[in-house]
>>> print(open('coords_4.txt').read())   # compact mmCIF, C-alpha atoms
# COMPACT_ATOMS: atom_id res chain seq x y z
CA MET A 1 -10.47 -8.98 18.21
CA SER A 2 -11.82 -7.88 14.84
CA ARG A 3 -13.30 -10.49 12.53
CA LEU A 4 -10.50 -9.79 10.07
CA GLY A 5 -7.95 -10.42 12.83
CA GLU A 6 -9.63 -13.70 13.76
CA LEU A 7 -9.62 -14.86 10.14
CA LEU A 8 -5.95 -13.96 9.83
CA ASP A 9 -5.19 -15.96 12.97
CA LYS A 10 -7.07 -18.98 11.62
CA GLY A 11 -4.91 -18.83 8.55
CA ASP A 12 -6.89 -20.99 6.16
CA GLU A 13 -10.33 -19.49 5.60
CA LEU A 14 -11.60 -17.25 2.83
CA ILE A 15 -11.42 -13.48 3.49
CA ILE A 16 -13.52 -10.95 1.57
CA THR A 17 -12.88 -7.24 1.99
CA GLY A 18 -14.52 -4.39 0.12
CA GLU A 19 -14.03 -0.77 -0.78
CA ALA A 20 -16.72 1.24 1.03
CA PRO A 21 -18.21 4.05 -1.09
CA VAL A 22 -16.90 7.51 -0.20
CA ILE A 23 -19.10 9.96 1.72
CA ASP A 24 -19.93 13.35 0.20
CA GLY A 25 -22.80 14.63 2.29
CA GLY A 26 -25.91 12.91 3.62
CA THR A 27 -26.78 11.19 6.87
CA LEU A 28 -25.70 8.04 8.61
CA GLU A 29 -28.92 6.37 7.39
CA ASP A 30 -28.08 7.27 3.79
CA TYR A 31 -24.66 5.79 4.28
CA GLU A 32 -25.98 2.56 5.78
CA ALA A 33 -28.14 2.08 2.69
CA LYS A 34 -25.14 2.67 0.39
CA LEU A 35 -23.08 0.08 2.25
CA ALA A 36 -25.80 -2.53 2.39
CA GLU A 37 -25.02 -4.76 -0.57
CA LEU A 38 -21.25 -5.02 -0.09
CA ALA A 39 -21.77 -5.43 3.66
CA LEU A 40 -23.69 -8.66 2.99
CA TRP A 41 -20.55 -10.25 1.59
CA CYS A 42 -17.54 -8.52 3.14
CA ASP A 43 -15.79 -9.46 6.37
CA ALA A 44 -14.52 -5.89 6.60
CA MET A 45 -14.57 -2.78 4.44
CA ASN A 46 -12.09 0.02 3.78
CA ALA A 47 -12.77 3.42 5.29
CA THR A 48 -10.84 5.17 2.56
CA ASP A 49 -8.50 8.12 3.03
CA ASN A 50 -9.30 10.75 0.40
CA THR A 51 -9.22 8.31 -2.50
CA ALA A 52 -7.32 9.38 -5.61
CA ALA A 53 -6.41 12.62 -3.79
CA HIS A 54 -10.00 13.88 -3.75
CA ALA A 55 -11.38 15.27 -0.49
CA HIS A 56 -14.27 13.31 1.08
CA ALA A 57 -15.54 12.70 4.61
CA SER A 58 -12.41 11.65 6.52
CA ASN A 59 -11.18 8.10 6.94
CA VAL A 60 -11.61 8.40 10.72
CA ALA A 61 -15.20 9.65 10.50
CA MET A 62 -16.01 7.00 7.94
CA ALA A 63 -14.57 4.20 10.09
CA ILE A 64 -16.60 5.34 13.09
CA ALA A 65 -19.74 5.62 10.94
CA MET A 66 -19.22 2.07 9.68
CA GLN A 67 -18.69 0.84 13.21
CA ARG A 68 -21.98 2.46 14.23
CA VAL A 69 -23.98 0.76 11.49
CA GLY A 70 -22.48 -2.64 12.22
CA VAL A 71 -19.95 -2.91 9.39
CA GLU A 72 -16.39 -3.78 10.34
CA PRO A 73 -14.06 -1.05 9.10
CA ILE A 74 -10.47 -1.12 7.92
CA LEU A 75 -8.98 2.33 8.48
CA GLN A 76 -6.97 3.29 5.42
CA VAL A 77 -4.12 5.65 6.22
CA VAL A 78 -2.22 7.34 3.39
CA CYS A 79 0.98 9.40 3.63
CA ARG A 80 0.00 12.18 1.23
CA ASP A 81 -2.05 14.47 3.48
CA LYS A 82 -0.69 14.14 7.01
CA ASN A 83 2.59 13.91 8.83
CA ARG A 84 3.60 11.17 11.27
CA ILE A 85 2.10 12.94 14.28
CA ALA A 86 -1.35 13.23 12.68
CA GLN A 87 -1.17 9.66 11.37
CA GLN A 88 -0.49 8.32 14.87
CA ALA A 89 -3.32 10.46 16.23
CA ASP A 90 -5.76 9.04 13.65
CA ILE A 91 -4.86 5.43 14.42
CA MET A 92 -5.09 6.03 18.19
CA GLY A 93 -8.32 7.96 17.65
CA VAL A 94 -10.15 5.16 15.86
CA ALA A 95 -8.78 2.61 18.33
CA LEU A 96 -10.72 4.52 21.00
CA HIS A 97 -13.87 3.69 19.02
CA GLY A 98 -12.99 0.00 18.76
CA VAL A 99 -11.55 0.07 15.24
CA GLU A 100 -8.64 -2.35 14.99
CA ASN A 101 -7.96 -2.92 11.28
CA ILE A 102 -5.45 -0.52 9.73
CA CYS A 103 -4.33 -0.49 6.10
CA CYS A 104 -1.14 1.49 5.38
CA LEU A 105 -0.62 3.13 1.99
CA THR A 106 1.81 5.58 0.47
CA GLY A 107 -1.10 7.04 -1.46
CA ASP A 108 -1.66 8.70 -4.82
CA ASP A 109 0.04 12.01 -5.38
CA VAL A 110 -1.92 15.26 -5.06
CA THR A 111 -1.64 15.66 -8.84
CA ALA A 112 -3.96 12.64 -9.26
CA GLY A 113 -6.80 14.59 -7.65
CA ASP A 114 -8.93 17.65 -8.30
CA GLU A 115 -6.76 19.95 -6.18
CA PRO A 116 -3.35 19.39 -7.73
CA GLU A 117 -2.12 22.72 -6.35
CA ALA A 118 -2.21 21.33 -2.78
CA ARG A 119 0.96 20.69 -0.79
CA ARG A 120 1.96 17.04 -0.66
CA VAL A 121 3.23 15.70 2.67
CA PHE A 122 4.77 12.20 2.41
CA ASP A 123 6.51 12.63 5.76
CA LEU A 124 6.56 8.80 5.93
CA ASP A 125 6.27 6.24 3.16
CA GLY A 126 4.07 3.13 3.11
CA PRO A 127 6.60 0.66 4.60
CA GLN A 128 7.58 3.13 7.34
CA LEU A 129 3.91 3.64 8.19
CA ILE A 130 3.49 -0.14 8.65
CA ARG A 131 6.38 -0.14 11.12
CA LEU A 132 4.93 2.86 12.92
CA ALA A 133 1.52 1.16 13.28
CA ASN A 134 3.29 -1.86 14.75
CA SER A 135 5.03 0.40 17.22
CA LEU A 136 1.64 1.66 18.41
CA LYS A 137 0.46 -1.94 18.67
CA GLU A 138 3.48 -2.69 20.86
CA GLY A 139 2.49 0.18 23.13
CA ARG A 140 4.82 2.97 22.03
CA TYR A 141 4.52 6.10 19.95
CA LEU A 142 7.34 6.63 17.48
CA SER A 143 8.99 8.86 20.07
CA GLY A 144 9.13 5.92 22.47
CA ARG A 145 6.43 7.40 24.73
CA LYS A 146 4.43 4.57 26.31
CA ILE A 147 0.80 3.78 25.47
CA GLU A 148 -1.04 1.91 28.22
CA PRO A 149 -2.93 -0.15 27.40
CA ALA A 150 -1.57 -0.68 23.90
CA PRO A 151 -4.26 -0.67 21.19
CA SER A 152 -5.21 -3.98 19.64
CA LEU A 153 -4.38 -3.47 15.96
CA VAL A 154 -4.56 -5.66 12.85
CA ILE A 155 -2.15 -4.13 10.37
CA GLY A 156 -2.13 -4.53 6.62
CA ALA A 157 -1.00 -2.75 3.49
CA VAL A 158 -1.36 -2.67 -0.29
CA GLU A 159 0.85 -3.51 -3.24
CA ASN A 160 0.56 -3.16 -6.99
CA PRO A 161 1.47 -6.46 -8.66
CA ALA A 162 1.07 -5.09 -12.15
CA THR A 163 3.40 -2.15 -12.52
CA HIS A 164 7.11 -1.55 -12.87
CA PRO A 165 9.64 -2.68 -11.84
CA LEU A 166 7.67 -5.92 -12.31
CA ASP A 167 10.28 -8.33 -10.97
CA TYR A 168 10.74 -6.18 -7.87
CA ARG A 169 7.08 -5.92 -6.80
CA ALA A 170 7.08 -9.20 -4.82
CA GLN A 171 10.22 -8.07 -2.99
CA ARG A 172 8.54 -4.82 -2.09
CA ALA A 173 5.54 -6.79 -0.82
CA ALA A 174 7.93 -8.95 1.22
CA LYS A 175 9.45 -5.80 2.71
CA LYS A 176 5.97 -4.73 3.84
CA ILE A 177 5.26 -8.19 5.28
CA LEU A 178 8.56 -8.11 7.19
CA ALA A 179 7.61 -4.64 8.47
CA GLY A 180 4.44 -6.16 9.93
CA ALA A 181 1.69 -6.29 7.29
CA ARG A 182 -0.63 -9.26 7.92
CA PHE A 183 -2.81 -8.67 4.88
CA LEU A 184 -2.10 -7.13 1.49
CA GLN A 185 -4.90 -5.74 -0.65
CA LEU A 186 -3.52 -5.69 -4.18
CA GLN A 187 -4.14 -2.99 -6.75
CA ILE A 188 -6.60 -3.95 -9.50
CA CYS A 189 -4.71 -5.95 -12.12
CA TYR A 190 -5.71 -6.53 -15.73
CA HIS A 191 -2.63 -8.61 -16.54
CA PRO A 192 -3.34 -12.12 -15.20
CA GLU A 193 0.21 -13.29 -15.90
CA ARG A 194 1.64 -10.48 -13.76
CA LEU A 195 -0.64 -11.35 -10.84
CA GLU A 196 0.35 -14.99 -11.18
CA ALA A 197 4.08 -14.26 -11.14
CA PHE A 198 3.71 -11.90 -8.17
CA VAL A 199 1.70 -14.32 -6.02
CA ALA A 200 3.91 -17.27 -7.01
CA ALA A 201 7.06 -15.42 -5.90
CA LEU A 202 5.53 -14.66 -2.49
CA HIS A 203 4.14 -18.17 -2.11
CA LEU A 204 7.44 -19.83 -3.04
CA ASN A 205 9.24 -17.90 -0.33
CA GLY A 206 6.71 -18.66 2.40
CA PHE A 207 5.33 -15.12 2.66
CA THR A 208 1.75 -16.17 1.97
CA GLU A 209 1.74 -18.04 5.29
CA LYS A 210 2.54 -14.84 7.16
CA CYS A 211 0.25 -12.56 5.19
CA ALA A 212 -3.14 -12.88 3.48
CA ILE A 213 -2.94 -11.89 -0.18
CA LEU A 214 -6.19 -10.29 -1.39
CA PRO A 215 -6.26 -9.41 -5.11
CA SER A 216 -8.67 -6.58 -6.00
CA VAL A 217 -11.38 -6.65 -8.58
CA VAL A 218 -13.71 -3.89 -9.64
CA ALA A 219 -17.17 -4.50 -11.05
CA VAL A 220 -17.74 -2.07 -13.93
CA LYS A 221 -20.65 -1.70 -16.36
CA GLY A 222 -18.89 -1.19 -19.65
CA PRO A 223 -15.72 -0.10 -21.44
CA GLY A 224 -15.85 3.50 -20.14
CA PRO A 225 -14.43 2.85 -16.67
CA LEU A 226 -11.82 0.49 -18.14
CA ARG A 227 -10.62 3.24 -20.47
CA PHE A 228 -10.65 5.71 -17.58
CA MET A 229 -8.56 3.43 -15.34
CA ASP A 230 -6.11 2.80 -18.16
CA SER A 231 -5.60 6.48 -18.92
CA SER A 232 -6.12 8.16 -15.57
CA VAL A 233 -5.51 5.88 -12.59
CA PRO A 234 -1.81 5.85 -11.65
CA GLY A 235 -0.31 2.37 -11.88
CA ILE A 236 -3.21 0.67 -13.68
CA SER A 237 -2.96 -0.35 -17.29
CA VAL A 238 -5.72 -2.18 -19.12
CA PRO A 239 -4.69 -4.02 -22.30
CA ALA A 240 -6.38 -2.72 -25.47
CA GLU A 241 -7.79 -6.18 -26.23
CA THR A 242 -9.48 -6.32 -22.82
CA ILE A 243 -11.17 -2.97 -23.45
CA ALA A 244 -12.10 -4.06 -26.98
CA ARG A 245 -13.58 -7.31 -25.69
CA VAL A 246 -16.05 -5.35 -23.56
CA ALA A 247 -16.59 -2.49 -26.01
CA ASP A 248 -17.28 -4.75 -29.00
CA ALA A 249 -19.63 -7.15 -27.24
CA ASP A 250 -23.35 -7.09 -28.10
CA ASP A 251 -24.07 -6.71 -24.40
CA SER A 252 -21.20 -4.67 -22.92
CA ALA A 253 -22.58 -4.75 -19.40
CA GLU A 254 -22.80 -8.54 -19.43
CA GLU A 255 -19.35 -8.87 -20.98
CA ALA A 256 -17.92 -6.58 -18.29
CA TYR A 257 -19.53 -8.82 -15.68
CA GLN A 258 -18.04 -11.95 -17.27
CA LEU A 259 -14.63 -10.27 -17.25
CA VAL A 260 -14.73 -9.58 -13.52
CA LEU A 261 -16.06 -13.08 -12.82
CA GLU A 262 -13.10 -14.55 -14.73
CA GLN A 263 -10.68 -12.30 -12.84
CA CYS A 264 -12.07 -13.56 -9.51
CA GLN A 265 -11.94 -17.21 -10.59
CA HIS A 266 -8.38 -16.78 -11.81
CA ALA A 267 -7.23 -15.05 -8.62
CA LEU A 268 -8.92 -17.54 -6.27
CA ALA A 269 -7.29 -20.46 -8.10
CA LEU A 270 -3.78 -19.17 -7.35
CA PRO A 271 -2.04 -20.95 -4.46
CA GLY A 272 -1.37 -18.39 -1.75
CA VAL A 273 -4.41 -16.20 -2.42
CA ARG A 274 -6.64 -15.94 0.68
CA GLY A 275 -9.57 -14.03 -0.75
CA LEU A 276 -10.62 -10.94 -2.65
CA HIS A 277 -10.98 -7.20 -2.25
CA LEU A 278 -14.16 -6.03 -3.99
CA THR A 279 -15.03 -2.64 -5.45
CA ASP A 280 -18.48 -2.02 -6.92
CA PHE A 281 -18.94 0.62 -9.62
CA ARG A 282 -22.03 -1.06 -11.10
CA LYS A 283 -24.35 -0.72 -8.12
CA ASP A 284 -26.90 -3.03 -9.73
CA GLY A 285 -26.67 -6.10 -7.52
CA SER A 286 -23.68 -7.50 -9.40
CA ILE A 287 -21.65 -8.10 -6.23
CA SER A 288 -24.30 -10.50 -4.97
CA ARG A 289 -24.44 -12.21 -8.35
CA LEU A 290 -20.64 -12.41 -8.43
CA CYS A 291 -20.29 -13.96 -4.97
CA THR A 292 -23.10 -16.38 -5.68
CA ASP A 293 -21.53 -17.42 -9.00
CA LEU A 294 -18.20 -17.93 -7.21
CA GLY A 295 -19.79 -20.14 -4.56
CA ILE A 296 -19.05 -17.69 -1.76
CA ARG A 297 -21.57 -17.63 1.11
CA PRO A 298 -22.80 -14.36 2.65
CA ARG A 299 -20.72 -13.08 5.56
CA SER A 300 -23.33 -14.02 8.17
CA GLU A 301 -23.26 -17.65 7.04
CA ARG A 302 -19.47 -17.75 6.86
CA GLU A 303 -19.37 -16.27 10.34
CA SER A 304 -21.94 -18.47 12.06
CA ARG A 305 -21.85 -21.74 10.21
CA ALA A 306 -19.28 -22.72 7.67
CA ASN A 307 -16.59 -20.75 5.93
CA ASP A 308 -15.99 -23.72 3.70
CA PHE A 309 -14.88 -22.07 0.46
CA ALA A 310 -12.10 -24.22 -0.98
CA LEU A 311 -8.98 -22.10 -1.40
CA ALA A 312 -6.10 -23.22 -3.65
CA ASN A 313 -3.11 -24.65 -1.81
CA MET B 1 25.36 25.94 5.45
CA GLY B 2 28.82 25.07 6.78
CA LEU B 3 31.94 24.64 4.67
CA ILE B 4 31.75 20.84 4.56
CA ALA B 5 28.09 20.97 3.57
CA ALA B 6 28.92 23.49 0.84
CA ILE B 7 31.65 21.25 -0.58
CA GLU B 8 29.33 18.23 -0.43
CA HIS B 9 26.61 20.18 -2.21
CA VAL B 10 28.91 21.34 -5.00
CA ILE B 11 29.99 17.76 -5.68
CA LYS B 12 26.73 15.88 -5.21
CA LYS B 13 24.24 18.32 -6.72
CA PRO B 14 25.44 18.05 -10.34
CA ILE B 15 25.99 14.28 -10.21
CA TRP B 16 22.97 13.08 -8.22
CA ASP B 17 20.74 16.14 -7.98
CA CYS B 18 21.42 15.89 -4.22
CA GLN B 19 18.67 17.46 -2.12
CA MET B 20 20.88 17.77 1.01
CA CYS B 21 18.68 15.67 3.28
CA GLY B 22 21.72 15.27 5.52
CA GLN B 23 21.25 11.49 5.85
CA CYS B 24 22.50 10.09 2.57
CA VAL B 25 21.43 6.58 1.48
CA LEU B 26 22.65 6.80 -2.15
CA HIS B 27 24.91 3.77 -1.77
CA ASP B 28 21.94 1.60 -0.73
CA THR B 29 19.66 2.82 -3.52
CA GLY B 30 21.67 2.06 -6.65
CA MET B 31 23.47 5.44 -6.44
CA THR B 32 20.11 7.09 -7.20
CA CYS B 33 18.88 9.79 -4.82
CA PRO B 34 15.44 8.83 -3.40
CA MET B 35 14.85 12.45 -2.39
CA THR B 36 14.45 13.26 -6.11
CA CYS B 37 11.30 11.10 -6.11
CA PRO B 38 8.42 13.64 -6.00
CA LYS B 39 7.03 11.73 -3.00
CA THR B 40 10.53 11.50 -1.44
CA LEU B 41 10.02 7.76 -0.91
CA ARG B 42 12.98 5.98 0.68
CA ASN B 43 11.65 2.43 0.55
CA GLY B 44 10.96 1.62 -3.05
CA PRO B 45 8.61 2.64 -5.86
CA CYS B 46 5.00 3.60 -5.18
CA GLY B 47 2.18 1.79 -6.94
CA GLY B 48 1.66 4.62 -9.42
CA VAL B 49 4.50 3.88 -11.82
CA ARG B 50 3.30 4.22 -15.41
CA GLU B 51 3.28 1.40 -17.94
CA ASP B 52 6.34 2.95 -19.60
CA GLY B 53 8.25 2.98 -16.29
CA HIS B 54 7.83 6.73 -15.87
CA CYS B 55 6.74 8.72 -12.82
CA GLU B 56 3.10 9.18 -11.81
CA VAL B 57 3.75 12.82 -10.92
CA LYS B 58 6.20 13.78 -13.68
CA PRO B 59 5.30 11.73 -16.78
CA GLU B 60 8.40 12.95 -18.62
CA MET B 61 10.73 11.53 -15.94
CA ARG B 62 11.72 7.86 -15.56
CA CYS B 63 10.62 6.66 -12.10
CA VAL B 64 13.47 7.28 -9.67
CA TRP B 65 12.96 3.85 -8.12
CA VAL B 66 12.74 2.02 -11.45
CA LYS B 67 16.14 3.57 -12.15
CA ALA B 68 17.44 2.78 -8.65
CA GLU B 69 16.32 -0.85 -8.80
CA ASP B 70 17.87 -1.33 -12.22
CA ARG B 71 21.15 0.26 -11.14
CA SER B 72 21.35 -1.61 -7.85
CA ARG B 73 21.39 -4.83 -9.85
CA ASN B 74 23.30 -3.82 -12.94
CA MET B 75 25.63 -0.92 -12.15
CA PRO B 76 29.24 -2.07 -12.52
CA LEU B 77 31.63 -1.75 -9.56
CA LEU B 78 28.85 -1.36 -7.01
CA PRO B 79 29.96 -3.31 -3.89
CA THR B 80 27.84 -6.41 -3.22
CA VAL B 81 26.99 -5.23 0.28
CA TRP B 82 25.46 -2.04 -1.15
CA ARG B 83 23.40 -4.12 -3.59
CA GLU B 84 22.21 -6.26 -0.66
CA HIS B 85 21.14 -3.18 1.30
CA PHE B 86 18.64 -2.22 -1.39
CA ASN B 87 15.77 -4.05 0.34
CA ASN B 88 16.50 -2.70 3.82
CA LEU B 89 13.70 -0.84 5.56
CA ARG B 90 15.06 2.69 5.75
CA PRO B 91 13.78 4.77 8.70
CA PRO B 92 11.80 8.00 8.41
CA VAL B 93 13.75 11.11 7.44
CA ASP B 94 14.92 13.28 10.32
CA ASN B 95 13.81 16.66 9.01
CA ARG B 96 16.16 18.49 11.37
CA LEU B 97 19.14 17.32 9.33
CA LYS B 98 18.05 19.01 6.08
CA GLY B 99 20.84 21.19 4.73
CA ASP B 100 23.45 19.49 6.89
CA SER B 101 26.45 17.60 5.55
CA SER B 102 25.62 13.90 5.36
CA TRP B 103 29.37 13.19 5.41
CA LYS B 104 29.64 14.83 8.81
CA ASN B 105 26.55 12.98 10.04
CA ALA B 106 27.88 9.65 8.71
CA ILE B 107 31.17 10.08 10.59
CA SER B 108 29.44 11.08 13.83
CA GLY B 109 26.75 8.39 13.44
CA ARG B 110 24.05 11.06 13.72
CA ASP B 111 22.45 9.87 10.48
CA LYS B 112 21.86 6.40 12.01
CA GLU B 113 19.92 7.71 15.00
CA THR B 114 16.25 6.77 14.90
CA PRO B 115 13.35 7.59 17.23
CA PRO B 116 13.12 5.08 20.13
CA GLY B 117 9.79 3.75 18.86
CA TRP B 118 11.23 2.86 15.46
CA THR B 119 13.03 -0.33 16.50
CA PRO B 120 10.48 -3.09 17.23
CA ALA B 121 10.37 -4.04 20.92
CA THR B 122 11.12 -7.65 19.99
CA GLU B 123 14.34 -6.61 18.26
CA ALA B 124 15.43 -3.99 20.76
CA PRO B 125 17.74 -6.16 22.93
CA GLU B 126 19.55 -7.36 19.81
CA ALA B 127 19.88 -3.82 18.52
CA GLU B 128 21.30 -2.70 21.85
CA ALA B 129 23.75 -5.60 21.85
CA LYS B 130 24.97 -4.55 18.40
CA ALA B 131 25.40 -0.97 19.51
>>> encode(input="coords_4.txt", output="structure tokens")
Amino acid sequence: MSRLGELLDKGDELIITGEAPVIDGGTLEDYEAKLAELALWCDAMNATDNTAAHAHASNVAMAIAMQRVGVEPILQVVCRDKNRIAQQADIMGVALHGVENICCLTGDDVTAGDEPEARRVFDLDGPQLIRLANSLKEGRYLSGRKIEPAPSLVIGAVENPATHPLDYRAQRAAKKILAGARFLQLQICYHPERLEAFVAALHLNGFTEKCAILPSVVAVKGPGPLRFMDSSVPGISVPAETIARVADADDSAEEAYQLVLEQCQHALALPGVRGLHLTDFRKDGSISRLCTDLGIRPRSERESRANDFALAN
Amino acid sequence: MGLIAAIEHVIKKPIWDCQMCGQCVLHDTGMTCPMTCPKTLRNGPCGGVREDGHCEVKPEMRCVWVKAEDRSRNMPLLPTVWREHFNNLRPPVDNRLKGDSSWKNAISGRDKETPPGWTPATEAPEAEAKA
């Protein structure tokens, strides 16, 4: 079973996932070098599926590449570009290569990308895709046709705790958990009180025992990316005072680091949170600094010796 | 399009902007047609809803699911059972039914048919018992 699957079965140890950088050309060796820092810390990393509706090397190719360089992949599958037949084929295809972790997303619309004139698919939606992946895991295609042997799959999804309708987001997460999601990577959230309310609602109703909640953080270097996310990334809003805090600091890069450190500390202190999902836009060693400051051991140590990070209960 | 479908279209298009998917779920979604969502999502809002509650794809339009969620809670006279259905996991659309009358398909039960792999194996005996 995948390391992520084992950690989910254990139920009480820290889980760190990461967003693998996209591939636009280059060799497997180039890619290995790009993955290196995050790979030191992450139990598994997302092989993304045309992020923000921009074409890149495919999720399937990326997952296989990661597998080949010794990084455990999570195959992201979005609903924007492919219909249910192709989605099943992709999941079965990576399973052939030993990839077990699947993350099911609805996905950004084509208008979020650089080819907004493309046809959008959305044959399924995110919750339906979770159920479909579970069907494959049970040894059946959606049609009912048998799969022998059934692939071993570890199925997860995403949710945005910070956008509207705010009070409904935890219910939508619960719907995904009931459909079979065992981990939820949350969208990046710059409203701590919204994250708190979301996690608390899931925790109160026992859903955090069935599913690992992994809030996302992104390491940025200054106010630019914060402004970009606020204006251009669907579903993310960054309060003006948060942007100002970074923009007005004497050392913006350091202030941006402190901001992400605080976000991690806040998230990890919430009862029901099992770990973090990390994205690195700084590419200056900040992920290592961040994990060290948080008291998180490198993956190899967590794997072989002690995964003793104290999670909130 | 048959006569029944034509009548249905004439009534439902002006009121709900009905897209004639042939498998109507309006009653479960706060009397708000999920097929008017640009992503045609049938299981709730995507993560791209804007800070003002508007649609990621059409910024001038209030998110269909923000509207649906609000109505499913607050719309007067909506039967409680319909409100309770809001969180149900709705199955994938059967694209063969597009253009058909959903009234006809509701009466015949055709709109409830799902692919055999849709019902989890663990729930299948129960589902069969119900049927």
>>> interface_residues(input="coords_4.txt", of="chain A", to="chain B", cutoff="8 Å", atoms="all atoms listed in the file", output="ChimeraX atom specification")
/A:106-109,111-112,120-125,127-128,131-132,134-135,138,140-145,159-160,163-165,168,171-172,175,179,187,233-237
>>> residues_around(input="coords_4.txt", residues="Ile64 of chain A", least_positions_apart="2", cutoff="9 Å", atoms="all atoms listed in the file", output="count of residues only")
14
>>> atom_distance(input="coords_4.txt", atom1="atom CA of Phe309 of chain A", atom2="atom CA of Leu294 of chain A")
9.3 Å
>>> closest_residue(input="coords_4.txt", among="B:Ile11, B:Cys24, B:Ala6, B:Met31", to="Leu77 of chain B", atoms="only C-alpha atoms")
B:Met31
>>> atom_distance(input="coords_4.txt", atom1="atom CA of Asn313 of chain A", atom2="atom CA of Leu184 of chain A")
17.9 Å
>>> residues_near_point(input="coords_4.txt", point="(-6.0, -5.0, 14.0)", cutoff="12 Å", atoms="all atoms listed in the file", output="PyMOL selection string")
chain A and resi 1-9+44+72-76+91-92+94-95+98-104+130+133-134+136-138+150-157+180-183
>>> atom_distance(input="coords_4.txt", atom1="atom CA of Ala173 of chain A", atom2="atom CA of Pro21 of chain A")
26.1 Å
>>> closest_residue(input="coords_4.txt", among="A:Cys79, A:Ala89, A:Cys291, A:Ile23", to="His56 of chain A", atoms="all atoms listed in the file")
A:Ile23
>>> closest_residue(input="coords_4.txt", among="A:Val110, A:Leu270, A:Val238, A:Leu226", to="Leu214 of chain A", atoms="only C-alpha atoms")
A:Leu270
>>> residues_around(input="coords_4.txt", residues="Gly2 of chain B", least_positions_apart="6", cutoff="12 Å", atoms="only C-alpha atoms", output="PyMOL selection string")
chain B and resi 8-9+99-104
>>> residues_near_point(input="coords_4.txt", point="(16.9, 17.4, 1.4)", cutoff="9 Å", atoms="only C-alpha atoms", output="mmCIF file with C-alpha atoms, keeping the file's coordinate frame")
data_model
loop_
_atom_site.group_PDB
_atom_site.id
_atom_site.type_symbol
_atom_site.label_atom_id
_atom_site.label_comp_id
_atom_site.auth_asym_id
_atom_site.auth_seq_id
_atom_site.Cartn_x
_atom_site.Cartn_y
_atom_site.Cartn_z
ATOM 1 C CA CYS B 18 21.420 15.890 -4.220
ATOM 2 C CA GLN B 19 18.670 17.460 -2.120
ATOM 3 C CA MET B 20 20.880 17.770 1.010
ATOM 4 C CA CYS B 21 18.680 15.670 3.280
ATOM 5 C CA GLY B 22 21.720 15.270 5.520
ATOM 6 C CA GLN B 23 21.250 11.490 5.850
ATOM 7 C CA MET B 35 14.850 12.450 -2.390
ATOM 8 C CA THR B 36 14.450 13.260 -6.110
ATOM 9 C CA ASN B 95 13.810 16.660 9.010
ATOM 10 C CA LEU B 97 19.140 17.320 9.330
ATOM 11 C CA LYS B 98 18.050 19.010 6.080
ATOM 12 C CA GLY B 99 20.840 21.190 4.730
ATOM 13 C CA ASP B 100 23.450 19.490 6.890
#
>>> residues_around(input="coords_4.txt", residues="Trp82 of chain B", least_positions_apart="3", cutoff="8 Å", atoms="only C-alpha atoms", output="CSV table (one decimal) with C-alpha atoms, in the frame of the given file")
chain,number,residue,atom,x,y,z
B,27,HIS,CA,24.9,3.8,-1.8
B,28,ASP,CA,21.9,1.6,-0.7
B,29,THR,CA,19.7,2.8,-3.5
B,30,GLY,CA,21.7,2.1,-6.6
B,72,SER,CA,21.4,-1.6,-7.8
B,78,LEU,CA,28.8,-1.4,-7.0
B,79,PRO,CA,30.0,-3.3,-3.9
B,85,HIS,CA,21.1,-3.2,1.3
B,86,PHE,CA,18.6,-2.2,-1.4
>>> closest_residue(input="coords_4.txt", among="A:Leu38, A:Ala256, A:Leu129, A:Ile16", to="Val220 of chain A", atoms="all atoms listed in the file")
A:Ala256
